[in-house]
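Chemist: This one is start14.txt, compact mmCIF, C-alpha atoms.
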```txt
# COMPACT_ATOMS: atom_id res chain seq x y z
CA MET A 1 -2.63 -32.27 10.34
CA ILE A 2 -0.31 -29.35 9.57
CA ARG A 3 3.43 -30.10 9.59
CA HIS A 4 6.46 -27.91 8.97
CA LEU A 5 9.00 -29.71 6.77
CA LYS A 6 11.11 -26.55 6.93
CA PRO A 7 10.38 -24.04 9.67
CA ALA A 8 11.62 -20.46 9.61
CA GLN A 9 14.78 -19.90 11.66
CA LEU A 10 13.89 -16.31 12.52
CA THR A 11 10.40 -15.17 13.45
CA GLY A 12 8.71 -12.17 14.96
CA GLU A 13 9.86 -8.58 15.01
CA ALA A 14 13.54 -7.80 14.53
CA ALA A 15 15.45 -7.17 17.73
CA GLU A 16 16.69 -3.86 16.40
CA ALA A 17 13.17 -2.42 15.94
CA ALA A 18 13.50 -0.11 18.94
CA ALA A 19 16.84 1.18 17.65
CA VAL A 20 15.28 1.89 14.24
CA THR A 21 12.47 3.87 15.86
CA LYS A 22 14.91 5.93 17.92
CA ALA A 23 17.08 6.68 14.89
CA VAL A 24 14.11 7.65 12.74
CA GLU A 25 12.67 9.91 15.43
CA ALA A 26 15.97 11.79 15.59
CA LEU A 27 16.15 12.17 11.82
CA LEU A 28 12.57 13.42 11.59
CA THR A 29 13.26 16.03 14.24
CA GLU A 30 16.43 17.09 12.46
CA VAL A 31 14.57 17.73 9.18
CA GLU A 32 11.58 19.40 10.85
CA ARG A 33 13.89 21.86 12.58
CA GLY A 34 16.57 22.24 9.93
CA GLY A 35 14.62 22.27 6.69
CA ASP A 36 16.61 22.30 3.46
CA ALA A 37 19.98 22.46 5.24
CA ALA A 38 19.20 19.29 7.20
CA VAL A 39 17.93 17.53 4.08
CA ARG A 40 21.15 18.39 2.27
CA ALA A 41 23.38 17.26 5.14
CA LEU A 42 21.56 13.92 5.44
CA SER A 43 21.57 13.34 1.70
CA VAL A 44 25.33 13.86 1.61
CA LYS A 45 25.80 11.61 4.64
CA PHE A 46 23.62 8.71 3.55
CA ASP A 47 23.51 8.92 -0.26
CA GLY A 48 26.68 10.80 -1.16
CA LEU A 49 24.76 13.35 -3.23
CA ASP A 50 25.37 17.06 -2.67
CA ARG A 51 23.15 19.54 -4.53
CA LEU A 52 21.89 23.05 -3.89
CA SER A 53 18.42 21.85 -4.89
CA TYR A 54 17.30 18.23 -4.91
CA ARG A 55 14.42 18.96 -7.24
CA LEU A 56 15.41 17.88 -10.74
CA THR A 57 15.24 20.50 -13.45
CA ASP A 58 13.29 20.07 -16.67
CA ALA A 59 16.59 19.64 -18.49
CA GLU A 60 17.74 16.87 -16.15
CA ILE A 61 14.43 15.08 -16.50
CA SER A 62 14.56 15.39 -20.29
CA ARG A 63 18.06 13.90 -20.34
CA CYS A 64 16.85 10.93 -18.32
CA VAL A 65 13.90 10.34 -20.64
CA ASP A 66 16.06 10.80 -23.74
CA SER A 67 18.56 8.25 -22.40
CA LEU A 68 15.99 5.46 -22.74
CA THR A 69 16.30 3.15 -25.68
CA SER A 70 13.19 2.81 -27.79
CA ARG A 71 12.62 -0.66 -26.30
CA GLN A 72 13.02 0.59 -22.73
CA ARG A 73 10.56 3.41 -23.31
CA SER A 74 8.10 1.08 -25.00
CA ASP A 75 8.33 -1.40 -22.15
CA ILE A 76 7.79 1.30 -19.51
CA GLU A 77 4.85 2.72 -21.44
CA PHE A 78 3.31 -0.74 -21.80
CA ALA A 79 3.53 -1.37 -18.07
CA GLN A 80 2.13 2.07 -17.28
CA ALA A 81 -0.77 1.54 -19.67
CA GLN A 82 -1.73 -1.62 -17.79
CA VAL A 83 -1.53 0.07 -14.38
CA ARG A 84 -3.41 3.12 -15.61
CA GLY A 85 -6.10 1.03 -17.24
CA PHE A 86 -6.82 -1.06 -14.15
CA ALA A 87 -6.76 1.99 -11.86
CA GLN A 88 -9.25 3.71 -14.16
CA ALA A 89 -11.51 0.66 -14.08
CA GLN A 90 -11.36 0.74 -10.28
CA LYS A 91 -12.24 4.43 -10.23
CA ASP A 92 -15.12 3.85 -12.61
CA ALA A 93 -16.53 1.34 -10.11
CA LEU A 94 -16.79 4.14 -7.52
CA ARG A 95 -19.54 6.72 -7.70
CA ASP A 96 -20.91 9.67 -5.84
CA ILE A 97 -24.36 9.00 -4.39
CA GLU A 98 -27.39 10.93 -3.12
CA VAL A 99 -30.41 9.10 -1.71
CA GLU A 100 -33.69 10.15 -0.09
CA THR A 101 -33.68 8.12 3.13
CA LEU A 102 -36.91 9.65 4.48
CA PRO A 103 -39.38 11.97 2.75
CA GLY A 104 -37.49 15.27 2.42
CA VAL A 105 -34.20 13.90 3.87
CA MET A 106 -31.33 13.69 1.38
CA LEU A 107 -28.02 12.01 2.26
CA GLY A 108 -25.04 11.63 -0.03
CA HIS A 109 -21.33 11.23 -0.40
CA ARG A 110 -18.69 12.50 -2.76
CA ASN A 111 -15.34 10.89 -3.58
CA ILE A 112 -12.84 13.74 -3.35
CA PRO A 113 -9.17 13.27 -4.36
CA VAL A 114 -6.44 14.04 -1.84
CA ALA A 115 -4.95 17.33 -3.00
CA ASN A 116 -1.21 16.79 -2.41
CA VAL A 117 0.48 13.40 -2.50
CA GLY A 118 4.11 12.46 -1.98
CA CYS A 119 5.26 9.20 -3.55
CA TYR A 120 8.41 7.46 -2.40
CA VAL A 121 10.12 5.31 -5.04
CA PRO A 122 12.79 3.05 -3.50
CA GLY A 123 15.96 2.64 -5.48
CA GLY A 124 19.01 2.34 -3.25
CA LYS A 125 19.43 -1.43 -3.72
CA TYR A 126 17.55 -1.95 -7.00
CA PRO A 127 16.24 0.82 -9.29
CA LEU A 128 12.57 0.01 -8.67
CA LEU A 129 11.00 2.03 -11.45
CA ALA A 130 7.84 -0.09 -11.16
CA SER A 131 7.04 1.69 -7.91
CA ALA A 132 6.65 4.90 -9.87
CA HIS A 133 3.88 3.33 -11.93
CA MET A 134 2.09 1.99 -8.89
CA SER A 135 1.92 5.16 -6.82
CA VAL A 136 2.18 8.12 -9.20
CA LEU A 137 -0.13 6.75 -11.88
CA THR A 138 -2.72 5.60 -9.38
CA ALA A 139 -2.77 8.99 -7.66
CA LYS A 140 -3.08 10.74 -11.01
CA VAL A 141 -6.00 8.54 -12.07
CA ALA A 142 -7.66 9.34 -8.75
CA GLY A 143 -7.45 13.03 -9.69
CA CYS A 144 -4.88 14.27 -7.16
CA GLU A 145 -3.84 17.83 -8.08
CA ARG A 146 -0.17 17.64 -7.09
CA VAL A 147 1.84 14.44 -7.05
CA ILE A 148 5.52 14.71 -6.14
CA THR A 149 8.12 11.97 -6.03
CA CYS A 150 11.29 11.23 -4.12
CA ALA A 151 13.73 8.52 -5.13
CA PRO A 152 17.29 8.07 -3.88
CA PRO A 153 20.29 8.22 -6.18
CA PHE A 154 21.60 4.90 -7.44
CA GLY A 155 25.34 4.53 -6.93
CA GLY A 156 25.58 8.18 -5.92
CA GLU A 157 24.05 9.42 -9.20
CA ILE A 158 20.58 10.32 -10.43
CA ALA A 159 18.88 7.08 -11.51
CA PRO A 160 17.70 7.80 -15.08
CA LEU A 161 15.30 4.85 -15.36
CA ILE A 162 13.47 5.82 -12.19
CA VAL A 163 13.33 9.48 -13.18
CA ALA A 164 12.00 8.61 -16.63
CA ALA A 165 9.34 6.35 -15.14
CA GLN A 166 8.27 9.05 -12.68
CA HIS A 167 8.02 11.64 -15.45
CA LEU A 168 6.11 9.37 -17.84
CA ALA A 169 3.73 8.50 -15.00
CA GLY A 170 2.90 12.19 -14.62
CA ALA A 171 4.83 13.35 -11.54
CA ASP A 172 4.53 17.10 -11.05
CA GLU A 173 7.80 17.49 -9.12
CA ILE A 174 10.69 15.01 -9.05
CA TYR A 175 13.29 15.02 -6.27
CA CYS A 176 16.48 12.97 -6.05
CA LEU A 177 16.12 12.24 -2.35
CA GLY A 178 16.09 9.01 -0.41
CA GLY A 179 15.51 7.63 3.05
CA VAL A 180 13.99 9.27 6.08
CA GLN A 181 15.05 12.73 4.90
CA ALA A 182 12.85 12.35 1.81
CA ILE A 183 9.83 11.22 3.82
CA ALA A 184 10.34 14.03 6.34
CA ALA A 185 10.80 16.69 3.67
CA MET A 186 7.55 15.69 1.96
CA ALA A 187 5.59 15.48 5.22
CA PHE A 188 6.89 18.59 7.00
CA GLY A 189 7.81 20.68 3.99
CA THR A 190 10.97 22.77 3.77
CA GLU A 191 11.85 26.21 2.45
CA THR A 192 11.73 24.82 -1.10
CA ILE A 193 9.41 21.79 -0.84
CA ALA A 194 5.73 22.36 -0.13
CA PRO A 195 4.32 19.74 2.26
CA VAL A 196 1.99 16.98 1.13
CA ASP A 197 -1.22 15.64 2.66
CA MET A 198 -0.47 11.96 2.10
CA LEU A 199 2.54 9.68 1.65
CA ALA A 200 2.57 6.57 -0.52
CA GLY A 201 5.07 3.99 -1.68
CA PRO A 202 7.22 1.25 -0.13
CA GLY A 203 10.72 1.52 1.31
CA ASN A 204 13.20 0.00 3.71
CA ALA A 205 12.68 -0.38 7.46
CA TYR A 206 13.65 3.25 8.11
CA VAL A 207 11.28 4.61 5.47
CA ALA A 208 8.46 2.40 6.74
CA GLU A 209 9.06 3.53 10.32
CA ALA A 210 9.13 7.19 9.25
CA LYS A 211 5.74 6.77 7.62
CA ARG A 212 4.38 5.04 10.71
CA LEU A 213 5.57 7.80 13.01
CA LEU A 214 4.17 10.51 10.73
CA PHE A 215 0.75 8.88 10.35
CA GLY A 216 -1.80 11.35 11.63
CA ARG A 217 0.20 14.39 10.67
CA VAL A 218 -0.17 13.12 7.12
CA GLY A 219 -2.09 10.21 5.68
CA ILE A 220 -0.29 7.12 4.46
CA ASP A 221 -1.21 4.38 2.05
CA LEU A 222 -0.46 1.44 4.39
CA PHE A 223 2.21 -0.01 6.62
CA ALA A 224 4.53 -2.06 4.42
CA GLY A 225 7.34 -4.31 5.63
CA PRO A 226 9.61 -6.80 3.84
CA THR A 227 8.17 -8.52 0.78
CA GLU A 228 6.32 -11.77 1.52
CA THR A 229 5.21 -14.58 -0.76
CA LEU A 230 3.14 -17.69 -0.16
CA VAL A 231 3.02 -20.40 -2.83
CA ILE A 232 0.02 -22.71 -2.51
CA ALA A 233 0.55 -25.73 -4.73
CA ASP A 234 -0.40 -29.35 -5.31
CA ASP A 235 0.95 -32.14 -7.51
CA THR A 236 -0.35 -30.49 -10.69
CA VAL A 237 2.93 -28.49 -10.73
CA ASP A 238 6.56 -29.36 -10.12
CA GLY A 239 9.34 -28.36 -7.76
CA GLU A 240 11.17 -26.17 -10.25
CA LEU A 241 8.16 -23.90 -10.71
CA CYS A 242 7.58 -23.58 -6.97
CA ALA A 243 11.28 -23.02 -6.22
CA THR A 244 11.54 -20.34 -8.91
CA ASP A 245 8.54 -18.44 -7.56
CA LEU A 246 9.83 -18.63 -4.00
CA LEU A 247 13.38 -17.49 -4.76
CA GLY A 248 12.15 -14.84 -7.18
CA GLN A 249 10.60 -13.00 -4.24
CA ALA A 250 13.23 -13.94 -1.66
CA GLU A 251 15.76 -11.87 -3.62
CA HIS A 252 13.99 -8.70 -2.46
CA GLY A 253 15.89 -8.78 0.82
CA VAL A 254 17.48 -10.98 3.43
CA ASN A 255 14.38 -10.66 5.62
CA SER A 256 11.77 -11.51 2.95
CA PRO A 257 9.64 -14.52 3.97
CA ALA A 258 8.93 -17.11 1.25
CA MET A 259 6.65 -20.04 2.07
CA LEU A 260 5.36 -23.14 0.33
CA LEU A 261 2.01 -24.53 1.44
CA THR A 262 1.13 -27.88 -0.11
CA ASN A 263 -0.73 -31.16 0.36
CA SER A 264 1.93 -33.09 -1.58
CA GLU A 265 4.98 -34.27 0.36
CA LYS A 266 6.68 -35.21 -2.90
CA LEU A 267 6.25 -31.67 -4.24
CA ALA A 268 7.52 -30.25 -0.96
CA ARG A 269 10.70 -32.31 -1.02
CA ASP A 270 11.24 -31.76 -4.77
CA THR A 271 10.94 -28.01 -4.16
CA LEU A 272 13.60 -28.13 -1.43
CA VAL A 273 15.96 -29.91 -3.84
CA GLU A 274 15.23 -27.44 -6.64
CA ILE A 275 15.85 -24.46 -4.37
CA GLU A 276 19.34 -25.71 -3.61
CA ARG A 277 19.99 -26.30 -7.31
CA LEU A 278 18.78 -22.86 -8.39
CA LEU A 279 20.71 -21.09 -5.63
CA LYS A 280 23.93 -22.27 -7.27
CA THR A 281 23.26 -20.17 -10.37
CA LEU A 282 20.87 -17.36 -9.32
CA PRO A 283 22.75 -14.01 -9.61
CA THR A 284 21.01 -12.73 -6.47
CA ALA A 285 21.64 -15.94 -4.51
CA ALA A 286 23.56 -14.17 -1.74
CA ILE A 287 20.39 -12.35 -0.73
CA ALA A 288 17.88 -15.06 -1.63
CA ARG A 289 19.73 -17.77 0.30
CA LYS A 290 19.78 -15.78 3.54
CA ALA A 291 16.10 -14.99 3.17
CA TRP A 292 15.26 -18.62 2.47
CA GLU A 293 17.41 -20.05 5.25
CA ASN A 294 16.14 -17.64 7.89
CA TYR A 295 12.54 -16.94 6.84
CA GLY A 296 11.64 -19.67 4.36
CA GLU A 297 9.05 -22.30 5.27
CA VAL A 298 7.60 -25.46 3.79
CA ILE A 299 4.25 -26.41 5.29
CA LEU A 300 2.51 -29.71 4.56
CA CYS A 301 -1.26 -30.09 5.01
CA ASP A 302 -3.58 -33.07 4.64
CA THR A 303 -6.66 -31.32 3.26
CA LEU A 304 -7.61 -28.30 1.18
CA ASP A 305 -9.53 -26.85 4.12
CA GLU A 306 -6.37 -27.03 6.23
CA MET A 307 -4.52 -25.21 3.47
CA VAL A 308 -7.14 -22.44 3.39
CA ALA A 309 -7.07 -22.05 7.17
CA GLU A 310 -3.27 -21.95 7.29
CA ALA A 311 -3.10 -19.47 4.40
CA ASP A 312 -5.57 -17.17 6.15
CA ARG A 313 -3.53 -17.42 9.36
CA ILE A 314 -0.36 -16.43 7.47
CA ALA A 315 -2.18 -13.56 5.68
CA SER A 316 0.62 -13.17 3.15
CA GLU A 317 1.24 -10.15 0.97
CA HIS A 318 1.40 -12.30 -2.20
CA VAL A 319 -0.41 -15.60 -2.63
CA GLN A 320 0.50 -17.70 -5.69
CA VAL A 321 -2.05 -20.51 -6.18
CA MET A 322 -1.00 -23.37 -8.45
CA THR A 323 -3.51 -26.15 -7.84
CA ALA A 324 -6.04 -28.19 -9.77
CA ASP A 325 -8.76 -25.70 -8.73
CA PRO A 326 -7.32 -22.27 -7.91
CA ASP A 327 -10.82 -20.82 -7.52
CA TYR A 328 -11.27 -23.01 -4.44
CA PHE A 329 -8.87 -20.65 -2.68
CA LEU A 330 -10.19 -17.48 -4.33
CA ASP A 331 -13.69 -18.32 -3.10
CA ARG A 332 -12.67 -19.23 0.44
CA MET A 333 -9.60 -17.22 1.46
CA LYS A 334 -10.13 -13.92 3.26
CA ASN A 335 -6.64 -12.71 4.20
CA TYR A 336 -4.20 -11.83 1.41
CA GLY A 337 -2.75 -8.78 -0.32
CA ALA A 338 -2.95 -10.01 -3.90
CA MET A 339 -3.68 -13.43 -5.36
CA PHE A 340 -2.16 -14.96 -8.48
CA LEU A 341 -4.29 -17.79 -9.85
CA GLY A 342 -2.79 -20.61 -11.85
CA ALA A 343 0.67 -21.48 -13.09
CA ARG A 344 0.41 -19.15 -16.09
CA THR A 345 0.71 -16.06 -13.92
CA THR A 346 3.22 -15.19 -11.21
CA VAL A 347 3.93 -12.59 -8.55
CA ALA A 348 6.54 -10.96 -10.78
CA TYR A 349 3.78 -10.06 -13.26
CA GLY A 350 2.01 -8.16 -10.51
CA ASP A 351 5.24 -6.58 -9.32
CA LYS A 352 6.15 -5.16 -12.69
CA VAL A 353 3.61 -5.05 -15.44
CA ILE A 354 0.20 -6.72 -15.40
CA GLY A 355 -1.69 -3.76 -13.91
CA THR A 356 -2.66 -4.66 -10.35
CA ASN A 357 -0.86 -2.61 -7.72
CA HIS A 358 2.26 -4.01 -6.10
CA THR A 359 2.14 -1.94 -2.90
CA LEU A 360 0.46 -4.46 -0.61
CA PRO A 361 -0.06 -5.23 3.10
CA THR A 362 2.61 -7.23 4.94
CA LYS A 363 3.11 -8.53 8.50
CA ARG A 364 -0.43 -9.96 8.53
CA ALA A 365 -2.00 -6.57 7.84
CA ALA A 366 -4.00 -8.33 5.10
CA ARG A 367 -6.34 -9.33 7.93
CA TYR A 368 -7.75 -5.79 7.88
CA THR A 369 -6.68 -4.00 4.70
CA GLY A 370 -6.06 -4.50 1.03
CA GLY A 371 -3.26 -2.90 -0.95
CA LEU A 372 -2.78 0.44 -2.62
CA TRP A 373 -5.50 1.25 -5.14
CA VAL A 374 -7.17 4.30 -6.57
CA GLY A 375 -9.58 4.48 -3.64
CA LYS A 376 -6.71 5.11 -1.20
CA PHE A 377 -6.22 8.51 -2.80
CA LEU A 378 -9.91 9.42 -2.48
CA LYS A 379 -11.75 10.74 0.56
CA THR A 380 -15.36 9.60 0.74
CA CYS A 381 -17.03 12.61 2.35
CA THR A 382 -20.68 12.63 3.37
CA TYR A 383 -23.27 15.43 3.35
CA GLN A 384 -26.91 15.89 4.26
CA ARG A 385 -29.73 18.25 3.40
CA ILE A 386 -33.34 18.48 4.60
CA LEU A 387 -35.84 19.85 2.13
CA THR A 388 -39.05 20.30 4.16
CA ASP A 389 -40.17 21.59 7.55
CA GLU A 390 -41.92 18.28 8.21
CA ALA A 391 -38.72 16.31 7.64
CA SER A 392 -36.73 18.54 9.99
CA VAL A 393 -39.35 18.10 12.70
CA LEU A 394 -39.47 14.33 12.25
CA VAL A 395 -35.72 13.92 12.61
CA GLY A 396 -35.57 16.60 15.30
CA GLU A 397 -37.98 14.80 17.62
CA TYR A 398 -35.87 11.66 17.61
CA CYS A 399 -32.65 13.64 17.91
CA SER A 400 -33.91 15.65 20.91
CA ARG A 401 -34.87 12.56 22.90
CA LEU A 402 -31.69 10.66 22.01
CA CYS A 403 -29.51 13.61 23.07
CA ILE A 404 -31.21 13.81 26.45
CA MET A 405 -30.60 10.06 26.95
CA GLU A 406 -26.89 10.81 26.64
CA GLY A 407 -26.98 13.93 28.80
CA PHE A 408 -26.17 16.30 25.93
CA ALA A 409 -28.52 19.21 26.60
CA GLY A 410 -26.76 21.48 24.13
CA HIS A 411 -27.08 18.89 21.39
CA ALA A 412 -30.76 18.53 22.24
CA GLU A 413 -31.23 22.27 21.96
CA GLN A 414 -29.86 22.18 18.39
CA ALA A 415 -32.85 19.96 17.58
CA ASN A 416 -35.29 21.81 19.83
CA VAL A 417 -34.74 25.20 18.21
CA ARG A 418 -35.74 23.66 14.89
CA LEU A 419 -38.77 21.99 16.42
CA ARG A 420 -39.88 25.42 17.66
CA ARG A 421 -39.17 27.20 14.37
CA TYR A 422 -40.33 24.63 11.84
CA GLY A 423 -42.91 22.68 13.83
CA GLY A 424 -44.37 25.18 16.27
CA ARG A 425 -43.49 22.90 19.18
CA ASN A 426 -43.25 24.34 22.70
CA VAL A 427 -40.06 22.66 23.88
CA PRO A 428 -38.52 24.16 27.06
CA TYR A 429 -34.91 25.27 26.68
CA GLY A 430 -32.41 22.60 27.72
CA SER A 431 -34.91 19.76 27.85
CA GLY A 432 -35.93 17.06 25.41
CA VAL A 433 -39.16 16.90 23.47
CA GLU A 434 -41.74 14.49 24.88
```
Translate the structure of the given file into structure tokens.

Modeler:
Amino acid sequence: MIRHLKPAQLTGEAAEAAAVTKAVEALLTEVERGGDAAVRALSVKFDGLDRLSYRLTDAEISRCVDSLTSRQRSDIEFAQAQVRGFAQAQKDALRDIEVETLPGVMLGHRNIPVANVGCYVPGGKYPLLASAHMSVLTAKVAGCERVITCAPPFGGEIAPLIVAAQHLAGADEIYCLGGVQAIAAMAFGTETIAPVDMLAGPGNAYVAEAKRLLFGRVGIDLFAGPTETLVIADDTVDGELCATDLLGQAEHGVNSPAMLLTNSEKLARDTLVEIERLLKTLPTAAIARKAWENYGEVILCDTLDEMVAEADRIASEHVQVMTADPDYFLDRMKNYGAMFLGARTTVAYGDKVIGTNHTLPTKRAARYTGGLWVGKFLKTCTYQRILTDEASVLVGEYCSRLCIMEGFAGHAEQANVRLRRYGGRNVPYGSGVE
């Protein structure tokens, strides 16, 4: 039996979703029509930054990089090496193929990088330099020719840590732009910003909605909402560890769900006590407490199979498994963004440094997609060639009859003309071969 010791107080879509959509639609239209002037006006309005050009100069970028301490630069480079290494391993697992499916019939595919990519790096609330690693580096490993970045100012100024991370990751153009105006400028292009083919990177509700509305005009990595975490634990761990991992993700925002799924009532109640204790000293408690009170859950199950079923129903962005046999969940779960196995690892490792990508599906999108990875920046494009007359005739006979079944006489004639030329067949125009 599945029981909720602590249910979420708020569920479902936010009531203001329609208002967000309306506001974003207006902002997108403003930038599409107004170009650079609109981008500047919105940047002044929302971020308090007024510049003639929002693209950073080489000198500005150099100052940001030079401002790093040796330890800061070393730490950033370590994290980027991990992300780059795993992305390269993923790319190496992909290959172009060509196979002979019938005598003389060759089919294949090629993995072609997206040419122009725009990466959004959020930074209005926290300077999330890790997002630069996750999007820019991954796109670069994929082989994208042009990778540009937009990140908002932090406190009304250029955020040097974010800029340095973007540059060290290999960004070709760096813009100090945030919010919907940044997304719109990259998607539509302006007088000074060439448009991109694809947008990547997380952001707030307005950024996420802008990407959703622009999908189709440009590609996007995935729809990403507030950060989610699900801790699956048993009595092999304690309440402090579970509480720390829950609150560590709840600090992302006041609407970030954090859930504990366990088969131990003692652990569940210990975790609730520890959460209250830690909230008294956590520097980000003001945010984490609201998230926990409104979206936090503690779910108690009787069996491991119930835990697997409930976890798959939740389909969380992050799944932290701290049980006697974490592989039980790895082998059986189907719906999750990223999984963290055992008490020695944690979601924060994935967020910042270990190498797996931290841009992951939320709002149960893990039911149908994984997170950002090198393959998202590659188009798998197919091709075909036929090497012999006999092969063209063989395929053409089937094609002609199948087209007539569907009523496509013109399609059938594409096959028939080849049957006449390469097989000497007398096929009347507009009919199918017998």

Chemist: So how many Å separate CA of Val180 (chain A) and CA of Leu27 (chain A), to one decimal?

Modeler: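 Computed distance, CA of Val180 (chain A) to CA of Leu27 (chain A), equals 6.8 Å.
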
Chemist: Within 8 Å of Cys144 (chain A), counting only C-alpha atoms, which residues show up once you throw out same-chain ones fewer than 5 positions away? Write them as a list in words, please.

Modeler: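 In the requested form, the answer reads Pro113, Val114, Ala115, Asn116, Val117, Ala139 and Phe377 of chain A.
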
Chemist: What is the distance between CA of Gly424 (chain A) and CA of His411 (chain A), in Å to one decimal?

Modeler: 19.1 Å

Chemist: Between CA of Ala171 (chain A) and CA of Glu77 (chain A), what is the distance, to one decimal in Å?

Modeler: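 Here the two named atoms are 14.5 Å from each other.
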
Chemist: Dump as JSON lines the rows for residues of region 192-294 of chain A within 9 Å of region 301-314 of chain A: closest atom pair and distance in Å with one decimal, only C-alpha atoms counted, ordered by chain and rising residue number.

Modeler:
```
{"residue": "A:Leu230", "atom": "CA", "partner": "A:Ala311", "partner_atom": "CA", "distance": 7.9}
{"residue": "A:Ile232", "atom": "CA", "partner": "A:Met307", "partner_atom": "CA", "distance": 7.9}
{"residue": "A:Leu261", "atom": "CA", "partner": "A:Met307", "partner_atom": "CA", "distance": 6.9}
{"residue": "A:Thr262", "atom": "CA", "partner": "A:Cys301", "partner_atom": "CA", "distance": 6.1}
{"residue": "A:Asn263", "atom": "CA", "partner": "A:Cys301", "partner_atom": "CA", "distance": 4.8}
{"residue": "A:Ser264", "atom": "CA", "partner": "A:Cys301", "partner_atom": "CA", "distance": 7.9}
{"residue": "A:Glu265", "atom": "CA", "partner": "A:Cys301", "partner_atom": "CA", "distance": 8.8}
```

Chemist: Could you give me, as a PyMOL selection string, the residues within 10 Å of Glu413 (chain A), counting only C-alpha atoms and dropping anything in the same chain fewer than 3 positions from it?

Modeler: chain A and resi 396+399-400+403-404+408-410+416-419+427-433

Chemist: Which one of A:Cys381, A:Ala412, A:Ala17, A:Met1 sits closest to Leu107 (chain A) if you count all atoms listed in the file?

Modeler: A:Cys381

Chemist: Set the distance at 10 Å and use all atoms listed in the file: which residues neighbour Asp66 (chain A) once local chain neighbours fewer than 6 positions away are removed? I'd like the list as a ChimeraX atom specification.

Modeler: /A:60,73,160,164

Chemist: Generate the output file for the selected residues, C-alpha atoms, as a PDB file, in the frame of the given file.

Modeler:
```pdb
ATOM      1  CA  GLU A  60      17.740  16.870 -16.150  1.00  0.00           C
ATOM      2  CA  ARG A  73      10.560   3.410 -23.310  1.00  0.00           C
ATOM      3  CA  PRO A 160      17.700   7.800 -15.080  1.00  0.00           C
ATOM      4  CA  ALA A 164      12.000   8.610 -16.630  1.00  0.00           C
TER       5      ALA A 164
END
```

Chemist: Excluding Leu5 (chain A) and its own-chain neighbours fewer than 3 positions away, which residues fall within 9 Å of it when counting only C-alpha atoms? Please give them as a list in words.

Modeler: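 Near neighbours after the sequence-gap exclusion: Glu265, Ala268, Arg269, Glu297, Val298, Ile299 and Leu300 of chain A.
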
Chemist: Calculated over all atoms listed in the file, which of the candidates A:Val353, A:Ala87, A:Leu246, A:Val20 has the smallest distance to Ala208 (chain A)?

Modeler: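 Ranking A:Val353, A:Ala87, A:Leu246, A:Val20 by distance to Ala208 (chain A), first place goes to A:Val20.
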
Chemist: Would you please work out which residue, of A:Lys211, A:Ala194, A:Ala365, A:Tyr54, is nearest to Ala41 (chain A) when using all atoms listed in the file?

Modeler: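 Selected residue with least distance to Ala41 (chain A): A:Tyr54.
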
Chemist: I'd like the neighbourhood of Tyr175 (chain A) as a list in words, where a residue qualifies if any of its atoms comes within 10 Å (using only C-alpha atoms), though same-chain residues fewer than 2 positions away should be ignored.

Modeler: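 These residues fall inside the cut-off: Ser53, Tyr54, Arg55, Leu56, Thr57, Tyr120, Ile148, Thr149, Cys150, Ala151, Pro152, Pro153, Ile158, Val163, Glu173, Leu177, Gly178, Ala182 and Ile193 of chain A.
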
Chemist: Which protein, DNA or RNA residues are at most 7 Å from (16.2, -16.3, -10.2) in the file's coordinates when you count all atoms listed in the file, listed as a PyMOL selection string?

Modeler: chain A and resi 244+247-248+282-283

Chemist: Which is closer to Gly179 (chain A) than all the others in A:Ala89, A:Leu94, A:Val39, A:Leu372, using all atoms listed in the file?

Modeler: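 Result for the nearest residue to Gly179 (chain A): A:Val39.
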
Chemist: Sort by chain and increasing residue number a table of all residues of region 163-205 of chain A within 9 Å of region 218-228 of chain A, each with its closest pair of atoms and their distance in Å to one decimal, counting only C-alpha atoms, and write it as CSV.

Modeler:
```
residue,atom,partner,partner_atom,distance
A:Ala187,CA,A:Val218,CA,6.5
A:Phe188,CA,A:Val218,CA,8.9
A:Val196,CA,A:Val218,CA,7.4
A:Asp197,CA,A:Val218,CA,5.2
A:Met198,CA,A:Gly219,CA,4.3
A:Leu199,CA,A:Ile220,CA,4.7
A:Ala200,CA,A:Asp221,CA,5.1
A:Gly201,CA,A:Asp221,CA,7.3
A:Pro202,CA,A:Ala224,CA,6.2
A:Gly203,CA,A:Ala224,CA,7.8
A:Asn204,CA,A:Gly225,CA,7.5
A:Ala205,CA,A:Gly225,CA,6.9
```
